[in-house]
>>> print(open('entry24.cif').read())   # mmCIF, N, CA and C atoms
data_final
loop_
_atom_site.label_atom_id
_atom_site.label_comp_id
_atom_site.auth_asym_id
_atom_site.auth_seq_id
_atom_site.Cartn_x
_atom_site.Cartn_y
_atom_site.Cartn_z
N MET A 1 18.44 17.02 5.75
CA MET A 1 18.00 18.38 5.90
C MET A 1 16.90 18.42 6.97
N ARG A 2 17.07 19.30 7.94
CA ARG A 2 16.05 19.52 8.96
C ARG A 2 15.09 20.58 8.47
N ILE A 3 13.79 20.27 8.59
CA ILE A 3 12.77 21.22 8.13
C ILE A 3 11.91 21.62 9.33
N TYR A 4 11.89 22.93 9.61
CA TYR A 4 11.02 23.44 10.66
C TYR A 4 9.66 23.70 10.05
N TYR A 5 8.60 23.14 10.65
CA TYR A 5 7.25 23.34 10.14
C TYR A 5 6.27 23.42 11.30
N THR A 6 5.12 24.00 11.01
CA THR A 6 4.03 24.14 11.98
C THR A 6 2.82 23.41 11.44
N VAL A 7 2.14 22.68 12.32
CA VAL A 7 0.91 21.98 11.95
C VAL A 7 -0.26 22.80 12.45
N LEU A 8 -1.18 23.12 11.53
CA LEU A 8 -2.36 23.92 11.86
C LEU A 8 -3.62 23.15 11.49
N ASP A 9 -4.73 23.52 12.12
CA ASP A 9 -6.00 22.84 11.89
C ASP A 9 -7.05 23.85 11.44
N PRO A 10 -6.99 24.25 10.17
CA PRO A 10 -8.02 25.16 9.67
C PRO A 10 -9.25 24.35 9.24
N THR A 11 -10.30 24.45 9.97
CA THR A 11 -11.58 23.79 9.67
C THR A 11 -11.44 22.29 9.45
N GLY A 12 -10.55 21.64 10.20
CA GLY A 12 -10.40 20.19 10.10
C GLY A 12 -9.52 19.72 8.97
N ASN A 13 -8.95 20.61 8.19
CA ASN A 13 -8.08 20.28 7.06
C ASN A 13 -6.63 20.45 7.53
N ILE A 14 -6.11 19.43 8.24
CA ILE A 14 -4.82 19.54 8.91
C ILE A 14 -3.72 19.85 7.89
N THR A 15 -3.02 20.96 8.14
CA THR A 15 -2.07 21.52 7.19
C THR A 15 -0.73 21.76 7.87
N ALA A 16 0.34 21.28 7.25
CA ALA A 16 1.69 21.57 7.72
C ALA A 16 2.27 22.66 6.82
N LEU A 17 2.82 23.69 7.44
CA LEU A 17 3.47 24.76 6.68
C LEU A 17 4.94 24.79 7.06
N ALA A 18 5.79 24.51 6.06
CA ALA A 18 7.24 24.46 6.27
C ALA A 18 7.82 25.86 6.17
N GLN A 19 8.50 26.29 7.25
CA GLN A 19 9.15 27.61 7.23
C GLN A 19 10.59 27.52 6.74
N THR A 20 11.20 26.34 6.79
CA THR A 20 12.55 26.16 6.29
C THR A 20 12.51 26.20 4.76
N PRO A 21 13.37 27.01 4.13
CA PRO A 21 13.38 27.02 2.66
C PRO A 21 13.74 25.63 2.11
N VAL A 22 12.92 25.15 1.20
CA VAL A 22 13.14 23.85 0.55
C VAL A 22 13.07 24.09 -0.95
N PRO A 23 14.13 23.76 -1.69
CA PRO A 23 14.08 23.94 -3.15
C PRO A 23 12.89 23.19 -3.74
N ARG A 24 12.25 23.76 -4.75
CA ARG A 24 11.06 23.17 -5.37
C ARG A 24 11.23 21.70 -5.72
N GLN A 25 12.40 21.35 -6.29
CA GLN A 25 12.59 19.98 -6.73
C GLN A 25 12.64 19.00 -5.55
N LEU A 26 12.89 19.49 -4.34
CA LEU A 26 12.93 18.63 -3.15
C LEU A 26 11.62 18.65 -2.36
N GLN A 27 10.70 19.54 -2.72
CA GLN A 27 9.46 19.67 -1.96
C GLN A 27 8.61 18.40 -1.94
N PRO A 28 8.45 17.67 -3.05
CA PRO A 28 7.65 16.44 -2.97
C PRO A 28 8.18 15.45 -1.94
N ALA A 29 9.49 15.24 -1.92
CA ALA A 29 10.07 14.30 -0.95
C ALA A 29 9.94 14.84 0.47
N ALA A 30 10.11 16.16 0.64
CA ALA A 30 9.97 16.76 1.96
C ALA A 30 8.52 16.65 2.45
N ALA A 31 7.57 16.89 1.56
CA ALA A 31 6.15 16.76 1.93
C ALA A 31 5.84 15.34 2.36
N LYS A 32 6.35 14.37 1.61
CA LYS A 32 6.13 12.96 1.96
C LYS A 32 6.69 12.65 3.35
N ALA A 33 7.91 13.13 3.64
CA ALA A 33 8.52 12.88 4.94
C ALA A 33 7.71 13.53 6.07
N ILE A 34 7.24 14.75 5.85
CA ILE A 34 6.43 15.43 6.87
C ILE A 34 5.13 14.67 7.11
N MET A 35 4.47 14.24 6.03
CA MET A 35 3.19 13.54 6.18
C MET A 35 3.38 12.15 6.80
N GLU A 36 4.52 11.53 6.59
CA GLU A 36 4.78 10.25 7.26
C GLU A 36 5.04 10.46 8.75
N LYS A 37 5.73 11.54 9.09
CA LYS A 37 6.01 11.83 10.50
C LYS A 37 4.75 12.26 11.24
N ASP A 38 3.94 13.10 10.63
CA ASP A 38 2.69 13.60 11.22
C ASP A 38 1.54 13.10 10.35
N ALA A 39 1.09 11.89 10.64
CA ALA A 39 0.10 11.21 9.80
C ALA A 39 -1.23 11.95 9.71
N GLU A 40 -1.52 12.84 10.67
CA GLU A 40 -2.79 13.57 10.62
C GLU A 40 -2.78 14.66 9.54
N CYS A 41 -1.58 15.04 9.08
CA CYS A 41 -1.47 16.08 8.06
C CYS A 41 -2.06 15.60 6.73
N GLU A 42 -2.92 16.43 6.16
CA GLU A 42 -3.55 16.12 4.88
C GLU A 42 -2.83 16.80 3.73
N GLN A 43 -2.07 17.85 4.04
CA GLN A 43 -1.39 18.60 2.99
C GLN A 43 -0.22 19.36 3.59
N VAL A 44 0.70 19.73 2.69
CA VAL A 44 1.90 20.47 3.12
C VAL A 44 2.08 21.65 2.18
N GLY A 45 2.39 22.79 2.78
CA GLY A 45 2.73 23.98 2.02
C GLY A 45 4.13 24.44 2.40
N PHE A 46 4.80 25.08 1.48
CA PHE A 46 6.17 25.55 1.70
C PHE A 46 6.20 27.07 1.56
N ILE A 47 6.69 27.74 2.60
CA ILE A 47 6.81 29.19 2.57
C ILE A 47 8.10 29.52 1.83
N GLU A 48 7.95 30.29 0.77
CA GLU A 48 9.08 30.66 -0.08
C GLU A 48 9.25 32.17 -0.09
N LYS A 49 10.47 32.61 -0.33
CA LYS A 49 10.74 34.05 -0.49
C LYS A 49 10.39 34.44 -1.92
N SER A 50 9.76 35.58 -2.08
CA SER A 50 9.37 36.06 -3.41
C SER A 50 9.52 37.57 -3.46
N PHE A 51 10.57 38.04 -4.11
CA PHE A 51 10.79 39.48 -4.28
C PHE A 51 10.68 40.24 -2.97
N GLY A 52 11.36 39.74 -1.93
CA GLY A 52 11.39 40.42 -0.65
C GLY A 52 10.22 40.12 0.26
N SER A 53 9.24 39.38 -0.22
CA SER A 53 8.12 38.98 0.64
C SER A 53 8.05 37.46 0.66
N GLU A 54 6.98 36.93 1.15
CA GLU A 54 6.81 35.48 1.22
C GLU A 54 5.61 35.05 0.40
N ARG A 55 5.67 33.83 -0.11
CA ARG A 55 4.55 33.23 -0.82
C ARG A 55 4.42 31.80 -0.34
N LEU A 56 3.28 31.19 -0.61
CA LEU A 56 3.02 29.83 -0.19
C LEU A 56 2.91 28.93 -1.41
N GLN A 57 3.74 27.91 -1.46
CA GLN A 57 3.72 26.93 -2.54
C GLN A 57 3.20 25.62 -1.96
N MET A 58 2.03 25.21 -2.43
CA MET A 58 1.46 23.94 -1.97
C MET A 58 2.19 22.78 -2.62
N MET A 59 2.20 21.63 -1.94
CA MET A 59 3.01 20.49 -2.39
C MET A 59 2.63 20.02 -3.79
N GLY A 60 1.40 20.21 -4.20
CA GLY A 60 0.99 19.80 -5.53
C GLY A 60 0.78 20.97 -6.48
N GLY A 61 1.18 22.17 -6.07
CA GLY A 61 1.01 23.36 -6.89
C GLY A 61 -0.42 23.87 -6.93
N GLU A 62 -1.29 23.31 -6.09
CA GLU A 62 -2.70 23.67 -6.08
C GLU A 62 -2.95 24.92 -5.22
N PHE A 63 -4.18 25.42 -5.30
CA PHE A 63 -4.64 26.48 -4.42
C PHE A 63 -5.39 25.82 -3.27
N CYS A 64 -5.25 26.38 -2.07
CA CYS A 64 -6.02 25.90 -0.92
C CYS A 64 -6.35 27.10 -0.03
N GLY A 65 -7.64 27.37 0.13
CA GLY A 65 -8.08 28.47 0.97
C GLY A 65 -7.72 28.27 2.43
N ASN A 66 -7.83 27.03 2.94
CA ASN A 66 -7.47 26.77 4.33
C ASN A 66 -5.98 27.02 4.57
N ALA A 67 -5.15 26.62 3.63
CA ALA A 67 -3.71 26.87 3.77
C ALA A 67 -3.41 28.37 3.70
N ALA A 68 -4.13 29.10 2.86
CA ALA A 68 -3.94 30.56 2.77
C ALA A 68 -4.27 31.22 4.11
N MET A 69 -5.36 30.78 4.75
CA MET A 69 -5.69 31.33 6.07
C MET A 69 -4.64 30.95 7.10
N SER A 70 -4.15 29.71 7.05
CA SER A 70 -3.12 29.27 7.98
C SER A 70 -1.85 30.10 7.83
N PHE A 71 -1.47 30.37 6.58
CA PHE A 71 -0.31 31.19 6.29
C PHE A 71 -0.49 32.59 6.87
N ALA A 72 -1.68 33.16 6.73
CA ALA A 72 -1.96 34.49 7.29
C ALA A 72 -1.87 34.48 8.81
N VAL A 73 -2.31 33.40 9.45
CA VAL A 73 -2.20 33.29 10.91
C VAL A 73 -0.73 33.29 11.32
N LEU A 74 0.10 32.51 10.62
CA LEU A 74 1.53 32.51 10.95
C LEU A 74 2.13 33.90 10.77
N ARG A 75 1.72 34.59 9.71
CA ARG A 75 2.22 35.95 9.45
C ARG A 75 1.78 36.90 10.58
N ALA A 76 0.51 36.80 11.01
CA ALA A 76 0.00 37.65 12.10
C ALA A 76 0.79 37.39 13.38
N GLU A 77 1.03 36.12 13.69
CA GLU A 77 1.78 35.79 14.90
C GLU A 77 3.21 36.31 14.81
N LYS A 78 3.82 36.18 13.66
CA LYS A 78 5.20 36.66 13.45
C LYS A 78 5.28 38.17 13.66
N LEU A 79 4.24 38.89 13.23
CA LEU A 79 4.20 40.35 13.36
C LEU A 79 3.63 40.81 14.70
N GLY A 80 3.15 39.87 15.53
CA GLY A 80 2.57 40.22 16.83
C GLY A 80 1.23 40.92 16.73
N LEU A 81 0.45 40.58 15.69
CA LEU A 81 -0.85 41.23 15.47
C LEU A 81 -2.00 40.29 15.83
N ASP A 82 -3.06 40.87 16.42
CA ASP A 82 -4.27 40.10 16.70
C ASP A 82 -5.19 40.02 15.49
N ASN A 83 -5.09 40.99 14.62
CA ASN A 83 -5.91 41.04 13.41
C ASN A 83 -4.99 41.34 12.23
N LEU A 84 -5.28 40.70 11.10
CA LEU A 84 -4.47 40.95 9.92
C LEU A 84 -5.33 40.82 8.68
N GLU A 85 -5.26 41.83 7.85
CA GLU A 85 -5.89 41.80 6.53
C GLU A 85 -4.76 41.89 5.53
N THR A 86 -4.59 40.86 4.71
CA THR A 86 -3.42 40.79 3.85
C THR A 86 -3.73 40.10 2.54
N GLY A 87 -2.84 40.24 1.60
CA GLY A 87 -2.91 39.48 0.35
C GLY A 87 -1.91 38.35 0.43
N VAL A 88 -2.35 37.13 0.16
CA VAL A 88 -1.46 35.97 0.23
C VAL A 88 -1.14 35.50 -1.18
N GLU A 89 0.15 35.50 -1.51
CA GLU A 89 0.59 34.90 -2.77
C GLU A 89 0.63 33.39 -2.54
N ILE A 90 -0.10 32.65 -3.36
CA ILE A 90 -0.19 31.20 -3.17
C ILE A 90 -0.28 30.50 -4.52
N SER A 91 0.27 29.33 -4.59
CA SER A 91 0.19 28.54 -5.82
C SER A 91 -1.27 28.36 -6.21
N GLY A 92 -1.49 28.23 -7.49
CA GLY A 92 -2.85 28.01 -7.98
C GLY A 92 -3.69 29.28 -8.10
N ALA A 93 -3.14 30.43 -7.74
CA ALA A 93 -3.86 31.70 -7.86
C ALA A 93 -2.98 32.67 -8.65
N ALA A 94 -3.58 33.34 -9.62
CA ALA A 94 -2.83 34.25 -10.49
C ALA A 94 -2.40 35.53 -9.78
N GLU A 95 -3.15 35.92 -8.74
CA GLU A 95 -2.87 37.15 -8.00
C GLU A 95 -2.94 36.87 -6.51
N PRO A 96 -2.38 37.74 -5.67
CA PRO A 96 -2.52 37.55 -4.23
C PRO A 96 -4.00 37.46 -3.84
N VAL A 97 -4.29 36.57 -2.92
CA VAL A 97 -5.65 36.31 -2.48
C VAL A 97 -5.91 37.08 -1.18
N PRO A 98 -6.98 37.88 -1.11
CA PRO A 98 -7.29 38.61 0.12
C PRO A 98 -7.69 37.65 1.25
N VAL A 99 -7.02 37.81 2.39
CA VAL A 99 -7.29 36.99 3.57
C VAL A 99 -7.39 37.91 4.79
N VAL A 100 -8.35 37.62 5.66
CA VAL A 100 -8.51 38.34 6.92
C VAL A 100 -8.51 37.31 8.04
N VAL A 101 -7.66 37.51 9.07
CA VAL A 101 -7.67 36.64 10.24
C VAL A 101 -7.77 37.49 11.50
N LYS A 102 -8.43 36.94 12.51
CA LYS A 102 -8.63 37.65 13.77
C LYS A 102 -8.40 36.66 14.91
N ALA A 103 -7.56 37.05 15.87
CA ALA A 103 -7.29 36.22 17.04
C ALA A 103 -8.48 36.26 17.99
N GLU A 104 -8.91 35.09 18.40
CA GLU A 104 -9.92 34.96 19.45
C GLU A 104 -9.17 34.47 20.69
N LYS A 105 -9.89 33.92 21.67
CA LYS A 105 -9.22 33.50 22.91
C LYS A 105 -8.19 32.40 22.66
N ASP A 106 -8.59 31.29 22.06
CA ASP A 106 -7.69 30.15 21.86
C ASP A 106 -7.56 29.74 20.40
N PHE A 107 -8.03 30.58 19.49
CA PHE A 107 -8.02 30.22 18.07
C PHE A 107 -8.12 31.48 17.23
N TYR A 108 -8.10 31.31 15.93
CA TYR A 108 -8.29 32.41 15.00
C TYR A 108 -9.54 32.16 14.18
N THR A 109 -10.19 33.22 13.77
CA THR A 109 -11.24 33.13 12.77
C THR A 109 -10.69 33.80 11.52
N GLY A 110 -11.22 33.42 10.38
CA GLY A 110 -10.69 34.01 9.16
C GLY A 110 -11.61 33.85 7.98
N THR A 111 -11.33 34.65 6.97
CA THR A 111 -12.03 34.54 5.69
C THR A 111 -10.98 34.65 4.59
N VAL A 112 -11.29 34.02 3.48
CA VAL A 112 -10.42 34.08 2.32
C VAL A 112 -11.29 34.26 1.08
N SER A 113 -10.87 35.14 0.20
CA SER A 113 -11.59 35.32 -1.06
C SER A 113 -11.10 34.27 -2.04
N MET A 114 -11.97 33.38 -2.44
CA MET A 114 -11.59 32.27 -3.30
C MET A 114 -11.47 32.74 -4.75
N PRO A 115 -10.30 32.47 -5.37
CA PRO A 115 -10.13 32.87 -6.78
C PRO A 115 -10.83 31.87 -7.71
N LEU A 116 -11.07 32.32 -8.92
CA LEU A 116 -11.56 31.40 -9.93
C LEU A 116 -10.44 30.43 -10.30
N PRO A 117 -10.77 29.21 -10.69
CA PRO A 117 -9.71 28.26 -11.07
C PRO A 117 -8.94 28.74 -12.29
N LEU A 118 -7.64 28.43 -12.32
CA LEU A 118 -6.80 28.78 -13.47
C LEU A 118 -7.09 27.86 -14.64
N GLU A 119 -7.44 26.60 -14.35
CA GLU A 119 -7.81 25.65 -15.40
C GLU A 119 -8.56 24.49 -14.77
N ILE A 120 -9.31 23.78 -15.59
CA ILE A 120 -10.02 22.58 -15.18
C ILE A 120 -9.66 21.49 -16.17
N LYS A 121 -9.23 20.34 -15.65
CA LYS A 121 -8.85 19.24 -16.52
C LYS A 121 -9.80 18.07 -16.31
N ALA A 122 -10.18 17.44 -17.40
CA ALA A 122 -10.99 16.23 -17.33
C ALA A 122 -10.05 15.06 -17.11
N LEU A 123 -10.43 14.17 -16.24
CA LEU A 123 -9.60 12.97 -15.99
C LEU A 123 -10.10 11.78 -16.73
#
>>> encode(input="entry24.cif", output="structure tokens")
Amino acid sequence: MRIYYTVLDPTGNITALAQTPVPRQLQPAAAKAIMEKDAECEQVGFIEKSFGSERLQMMGGEFCGNAAMSFAVLRAEKLGLDNLETGVEISGAAEPVPVVVKAEKDFYTGTVSMPLPLEIKAL
């Protein structure tokens, strides 16, 4: 399976976002393959369809603010917008997370409203 993905650098947290639909059960293997190919990647997210819109599923089911901003940047570019204020559906968050991104000369700036954790586990 060929997976189209984009590598982004939000605040030094190198993130690959896969645009090719990958079934959940295959995402761990796909994330491993992407991270082996692009060793600088620290995490992988998968863009999924959700009731006519898109959501971001992180490889470990976690929430990541940097990935949410990266996802918003891809959405802004897809829509041809320099500025975007949107809600991002993402794993690890019970509700869409408010994200704002703005195109600068060679990069984007952004903010994300961090949700409270859904649970905390002791190891």
>>> closest_residue(input="entry24.cif", among="A:Glu119, A:Pro21, A:Thr15, A:Gly52", to="Arg2 in chain A", atoms="only N, CA and C atoms")
A:Pro21
>>> atom_distance(input="entry24.cif", atom1="CA of Lys37 in chain A", atom2="atom N of Asp9 in chain A")
16.0 Å
>>> resolve_selection(input="entry24.cif", expression="the PyMOL selection byres ((chain A and resi 114) around 7)", output="ChimeraX atom specification")
/A:65,97-98,112-113,115-117
>>> resolve_selection(input="entry24.cif", expression="the PyMOL selection byres (((chain A and resi 92 and name CA) around 7) and name CA)", output="PyMOL selection string")
chain A and resi 61-63+90-91+93-94+118
>>> resolve_selection(input="entry24.cif", expression="the PyMOL selection byres (((chain A and resi 18 and name CA) around 6) and name CA)", output="count of residues only")
6
>>> atom_distance(input="entry24.cif", atom1="atom C of Pro96 in chain A", atom2="atom N of Leu74 in chain A")
15.8 Å
>>> decode(input="entry24.cif", residues="range 91-103 of chain A", atoms="all heavy atoms", output="PDB file, in the first residue's frame")
ATOM      1  N   SER A  91      -7.767  12.556  18.059  1.00  0.00           N
ATOM      2  CA  SER A  91      -7.742  11.526  19.097  1.00  0.00           C
ATOM      3  C   SER A  91      -7.291  12.146  20.418  1.00  0.00           C
ATOM      4  O   SER A  91      -6.554  13.132  20.434  1.00  0.00           O
ATOM      5  CB  SER A  91      -6.793  10.394  18.692  1.00  0.00           C
ATOM      6  OG  SER A  91      -5.502  10.876  18.398  1.00  0.00           O
ATOM      7  N   GLY A  92      -7.761  11.581  21.491  1.00  0.00           N
ATOM      8  CA  GLY A  92      -7.366  12.067  22.813  1.00  0.00           C
ATOM      9  C   GLY A  92      -8.132  13.290  23.289  1.00  0.00           C
ATOM     10  O   GLY A  92      -7.877  13.783  24.381  1.00  0.00           O
ATOM     11  N   ALA A  93      -9.047  13.809  22.482  1.00  0.00           N
ATOM     12  CA  ALA A  93      -9.861  14.966  22.871  1.00  0.00           C
ATOM     13  C   ALA A  93     -11.331  14.601  22.677  1.00  0.00           C
ATOM     14  O   ALA A  93     -11.712  14.071  21.633  1.00  0.00           O
ATOM     15  CB  ALA A  93      -9.508  16.191  22.030  1.00  0.00           C
ATOM     16  N   ALA A  94     -12.137  14.898  23.685  1.00  0.00           N
ATOM     17  CA  ALA A  94     -13.561  14.540  23.645  1.00  0.00           C
ATOM     18  C   ALA A  94     -14.353  15.384  22.653  1.00  0.00           C
ATOM     19  O   ALA A  94     -15.377  14.951  22.142  1.00  0.00           O
ATOM     20  CB  ALA A  94     -14.163  14.671  25.047  1.00  0.00           C
ATOM     21  N   GLU A  95     -13.877  16.599  22.381  1.00  0.00           N
ATOM     22  CA  GLU A  95     -14.573  17.529  21.485  1.00  0.00           C
ATOM     23  C   GLU A  95     -13.566  18.136  20.520  1.00  0.00           C
ATOM     24  O   GLU A  95     -12.360  18.113  20.787  1.00  0.00           O
ATOM     25  CB  GLU A  95     -15.212  18.658  22.299  1.00  0.00           C
ATOM     26  CG  GLU A  95     -16.253  18.191  23.286  1.00  0.00           C
ATOM     27  CD  GLU A  95     -16.808  19.340  24.120  1.00  0.00           C
ATOM     28  OE1 GLU A  95     -16.311  20.486  23.997  1.00  0.00           O
ATOM     29  OE2 GLU A  95     -17.738  19.085  24.882  1.00  0.00           O
ATOM     30  N   PRO A  96     -14.025  18.723  19.407  1.00  0.00           N
ATOM     31  CA  PRO A  96     -13.090  19.410  18.517  1.00  0.00           C
ATOM     32  C   PRO A  96     -12.302  20.484  19.283  1.00  0.00           C
ATOM     33  O   PRO A  96     -12.851  21.182  20.134  1.00  0.00           O
ATOM     34  CB  PRO A  96     -13.997  20.036  17.450  1.00  0.00           C
ATOM     35  CG  PRO A  96     -15.201  19.148  17.439  1.00  0.00           C
ATOM     36  CD  PRO A  96     -15.391  18.729  18.879  1.00  0.00           C
ATOM     37  N   VAL A  97     -11.038  20.585  18.962  1.00  0.00           N
ATOM     38  CA  VAL A  97     -10.130  21.510  19.636  1.00  0.00           C
ATOM     39  C   VAL A  97      -9.989  22.773  18.783  1.00  0.00           C
ATOM     40  O   VAL A  97      -9.678  22.673  17.588  1.00  0.00           O
ATOM     41  CB  VAL A  97      -8.753  20.837  19.829  1.00  0.00           C
ATOM     42  CG1 VAL A  97      -7.748  21.778  20.431  1.00  0.00           C
ATOM     43  CG2 VAL A  97      -8.896  19.581  20.670  1.00  0.00           C
ATOM     44  N   PRO A  98     -10.215  23.965  19.357  1.00  0.00           N
ATOM     45  CA  PRO A  98     -10.052  25.199  18.591  1.00  0.00           C
ATOM     46  C   PRO A  98      -8.583  25.438  18.211  1.00  0.00           C
ATOM     47  O   PRO A  98      -7.695  25.373  19.061  1.00  0.00           O
ATOM     48  CB  PRO A  98     -10.527  26.289  19.551  1.00  0.00           C
ATOM     49  CG  PRO A  98     -11.384  25.577  20.557  1.00  0.00           C
ATOM     50  CD  PRO A  98     -10.775  24.211  20.691  1.00  0.00           C
ATOM     51  N   VAL A  99      -8.369  25.682  16.922  1.00  0.00           N
ATOM     52  CA  VAL A  99      -7.028  25.939  16.396  1.00  0.00           C
ATOM     53  C   VAL A  99      -7.099  27.152  15.465  1.00  0.00           C
ATOM     54  O   VAL A  99      -8.037  27.278  14.683  1.00  0.00           O
ATOM     55  CB  VAL A  99      -6.479  24.724  15.614  1.00  0.00           C
ATOM     56  CG1 VAL A  99      -5.091  25.017  15.061  1.00  0.00           C
ATOM     57  CG2 VAL A  99      -6.443  23.477  16.485  1.00  0.00           C
ATOM     58  N   VAL A 100      -6.096  28.015  15.561  1.00  0.00           N
ATOM     59  CA  VAL A 100      -5.969  29.172  14.674  1.00  0.00           C
ATOM     60  C   VAL A 100      -4.588  29.110  14.036  1.00  0.00           C
ATOM     61  O   VAL A 100      -3.584  28.945  14.742  1.00  0.00           O
ATOM     62  CB  VAL A 100      -6.120  30.506  15.448  1.00  0.00           C
ATOM     63  CG1 VAL A 100      -5.921  31.691  14.522  1.00  0.00           C
ATOM     64  CG2 VAL A 100      -7.469  30.569  16.133  1.00  0.00           C
ATOM     65  N   VAL A 101      -4.520  29.201  12.698  1.00  0.00           N
ATOM     66  CA  VAL A 101      -3.234  29.268  12.005  1.00  0.00           C
ATOM     67  C   VAL A 101      -3.234  30.457  11.058  1.00  0.00           C
ATOM     68  O   VAL A 101      -4.276  30.846  10.521  1.00  0.00           O
ATOM     69  CB  VAL A 101      -2.908  27.960  11.236  1.00  0.00           C
ATOM     70  CG1 VAL A 101      -2.664  26.819  12.201  1.00  0.00           C
ATOM     71  CG2 VAL A 101      -3.970  27.598  10.232  1.00  0.00           C
ATOM     72  N   LYS A 102      -2.055  31.039  10.882  1.00  0.00           N
ATOM     73  CA  LYS A 102      -1.900  32.215  10.023  1.00  0.00           C
ATOM     74  C   LYS A 102      -0.623  32.049   9.210  1.00  0.00           C
ATOM     75  O   LYS A 102       0.441  31.763   9.766  1.00  0.00           O
ATOM     76  CB  LYS A 102      -1.815  33.481  10.873  1.00  0.00           C
ATOM     77  CG  LYS A 102      -1.632  34.734  10.057  1.00  0.00           C
ATOM     78  CD  LYS A 102      -1.518  35.969  10.918  1.00  0.00           C
ATOM     79  CE  LYS A 102      -1.295  37.171  10.030  1.00  0.00           C
ATOM     80  NZ  LYS A 102      -0.923  38.349  10.777  1.00  0.00           N
ATOM     81  N   ALA A 103      -0.737  32.222   7.889  1.00  0.00           N
ATOM     82  CA  ALA A 103       0.419  32.130   7.003  1.00  0.00           C
ATOM     83  C   ALA A 103       1.278  33.377   7.147  1.00  0.00           C
ATOM     84  O   ALA A 103       0.781  34.496   7.100  1.00  0.00           O
ATOM     85  CB  ALA A 103      -0.030  31.965   5.559  1.00  0.00           C
TER      86      ALA A 103
END
